[in-house]
Amino acid sequence: MNRFSVIKSKAFLFLSTIFLLHSCASHKDVVYFQGVGDYETNVGENNHSQTFKVDDVVSINVSTLDPQASMPFNLITGVSDTGLRGEQLDYIVDKSGNIDFPVVGQVKIAGLTAENTKQLLKEKLSNYLKDPIVNIRLKNFTVTILGEVKTPGTYPVIGEQITILEALGLANDLTIKGKRDNVLVIRDFDGTKVYHRINLTSKEALDSPVYYLTQNDVVYVEPNKSAITASALDNRATIWVSVASVLITSTVLVLTRN
């Protein structure tokens with residue numbers, strides 16, 4: 001190997017070392033729930049209650065022992081040519097927080113839980129039906145995960161609640177370059193955006209007001225310092241290598257002439 005190749009190899013090794021040093025994350029930056037001891041118990045009640053919001057899409061089905069009696073209270077697309085009943089229609093919570101329920105009329109459900117809404121509808125339906133059974137399901141429960149996660153995207157939620165850990169699990173966890181101590185949750189309350197940050201490296205994260213997510217929440221994971229540095233170095237690496245090569249070549253030529 002000639003002197004030029006040796007000098008160039010050493011220069012490249014030097015630049016690579018600088019890159020690696022700037023892109024490394026420390027242990028405390030990536031470990032979740034630091035400070036949790038063996039057999040430590042955190043006893044707490046799950047007080048989270050999912051409530052309906054404006055623009056929610058809600059499925060409501062009313063049934064009784066007499067199917068004919070409950071039929072007017074279920075919105076159906078119509079009857080097909082074969083005589084089969086069409087699909088049941090959903091309700092959209094309007095800007096005033098109401099749904100237009102058959103026969104009953106306007107019913108305000110924004111701010112109510114599914115259980116509260118069941119009881120309210122049962123009371124209103126008691127004037128028309130005997131012992132009605134009301135089933136309610138939120139149809140547009142999704143969460144959006146963005147930033148330094150392995151598979152960002154919008155994910156549908158099956159069930160009535162989801163934790164931020166379960167949501168991040170849907171996105172296949174944070175990348176090594178994700179900032180775990182300052183995860184941002186953006187929540188919408190009837191057009192008003194509320195921003196809250198949660199530190200996943202602390203065990204107190206389990207008591208955060210955004211530990212349980214609500215429909216249409218957006219979770220954003222910021223890049224940590226190593227990611228920002230690595231991005232900057234990626235953009236400059238080619239320039240650095242080119243400049244280093246020119247300098248090395250010039251040095252070798254001078255040494256050769258001498």
# chains A, B, ... in the order shown; residues from 1 in each chain; ligands from 1
$ residues_around --residues "region 100-103 of chain A" --least-positions-apart "5" --cutoff "8 Å" --atoms "only C-alpha atoms" --output "PyMOL selection string"
chain A and resi 72-75+91
$ residues_around --residues "region 205-215 of chain A" --least-positions-apart "4" --cutoff "8 Å" --atoms "only C-alpha atoms" --output "ChimeraX atom specification"
/A:33,48,50,140-143,161-165,185,187,196,198-201
$ residues_around --residues "region 123-135 of chain A" --least-positions-apart "6" --cutoff "10 Å" --atoms "only C-alpha atoms" --output "list in words"
Ser59, Ile60, Asn61, Val62, Ser63, Thr64, Leu65, Asp66, Ala69, Ser70, Phe73, Val103, Val104, Gly105, Val107, Ala114, Glu115 and Thr117 of chain A
$ write_last_selection --atoms "C-alpha atoms" --output "PDB file, in the first residue's frame"
ATOM      1  CA  SER A  59     -72.770   2.971  15.969  1.00  0.00           C
ATOM      2  CA  ILE A  60     -75.976   2.552  18.020  1.00  0.00           C
ATOM      3  CA  ASN A  61     -78.210  -0.514  17.956  1.00  0.00           C
ATOM      4  CA  VAL A  62     -81.483  -0.811  19.840  1.00  0.00           C
ATOM      5  CA  SER A  63     -83.096  -4.188  20.434  1.00  0.00           C
ATOM      6  CA  THR A  64     -86.045  -5.609  22.387  1.00  0.00           C
ATOM      7  CA  LEU A  65     -87.865  -8.906  22.678  1.00  0.00           C
ATOM      8  CA  ASP A  66     -90.084  -7.641  19.867  1.00  0.00           C
ATOM      9  CA  ALA A  69     -91.029  -2.633  17.922  1.00  0.00           C
ATOM     10  CA  SER A  70     -87.342  -1.642  17.969  1.00  0.00           C
ATOM     11  CA  PHE A  73     -85.011   3.157  16.234  1.00  0.00           C
ATOM     12  CA  VAL A 103     -88.199   9.240  16.827  1.00  0.00           C
ATOM     13  CA  VAL A 104     -86.454  10.694  19.906  1.00  0.00           C
ATOM     14  CA  GLY A 105     -84.808  13.603  18.055  1.00  0.00           C
ATOM     15  CA  VAL A 107     -79.651  13.851  21.850  1.00  0.00           C
ATOM     16  CA  ALA A 114     -70.647   5.035  26.196  1.00  0.00           C
ATOM     17  CA  GLU A 115     -72.217   3.839  29.449  1.00  0.00           C
ATOM     18  CA  THR A 117     -75.090   7.445  26.666  1.00  0.00           C
TER      19      THR A 117
END
$ residues_around --residues "Leu184 (chain A)" --least-positions-apart "5" --cutoff "8 Å" --atoms "only C-alpha atoms" --output "list of chain:residue names"
A:Tyr195, A:His196, A:Arg197, A:Ile198, A:Val219, A:Tyr220, A:Val221, A:Glu222
$ write_last_selection --atoms "N, CA and C atoms" --output "mmCIF file, in the first residue's frame"
data_model
loop_
_atom_site.group_PDB
_atom_site.id
_atom_site.type_symbol
_atom_site.label_atom_id
_atom_site.label_comp_id
_atom_site.auth_asym_id
_atom_site.auth_seq_id
_atom_site.Cartn_x
_atom_site.Cartn_y
_atom_site.Cartn_z
ATOM 1 N N TYR A 195 -51.662 20.296 24.226
ATOM 2 C CA TYR A 195 -50.366 19.642 24.083
ATOM 3 C C TYR A 195 -49.881 19.185 25.461
ATOM 4 N N HIS A 196 -49.443 17.947 25.517
ATOM 5 C CA HIS A 196 -48.933 17.406 26.787
ATOM 6 C C HIS A 196 -47.733 16.511 26.486
ATOM 7 N N ARG A 197 -46.730 16.590 27.347
ATOM 8 C CA ARG A 197 -45.523 15.777 27.159
ATOM 9 C C ARG A 197 -45.421 14.736 28.265
ATOM 10 N N ILE A 198 -44.867 13.590 27.891
ATOM 11 C CA ILE A 198 -44.738 12.475 28.831
ATOM 12 C C ILE A 198 -43.323 11.924 28.755
ATOM 13 N N VAL A 219 -49.414 11.187 18.573
ATOM 14 C CA VAL A 219 -48.219 10.997 19.396
ATOM 15 C C VAL A 219 -47.006 11.278 18.519
ATOM 16 N N TYR A 220 -46.181 12.225 18.962
ATOM 17 C CA TYR A 220 -44.999 12.586 18.181
ATOM 18 C C TYR A 220 -43.737 12.343 19.002
ATOM 19 N N VAL A 221 -42.834 11.546 18.449
ATOM 20 C CA VAL A 221 -41.566 11.229 19.101
ATOM 21 C C VAL A 221 -40.463 12.058 18.452
ATOM 22 N N GLU A 222 -39.877 12.959 19.222
ATOM 23 C CA GLU A 222 -38.827 13.818 18.689
ATOM 24 C C GLU A 222 -37.530 13.031 18.493
#
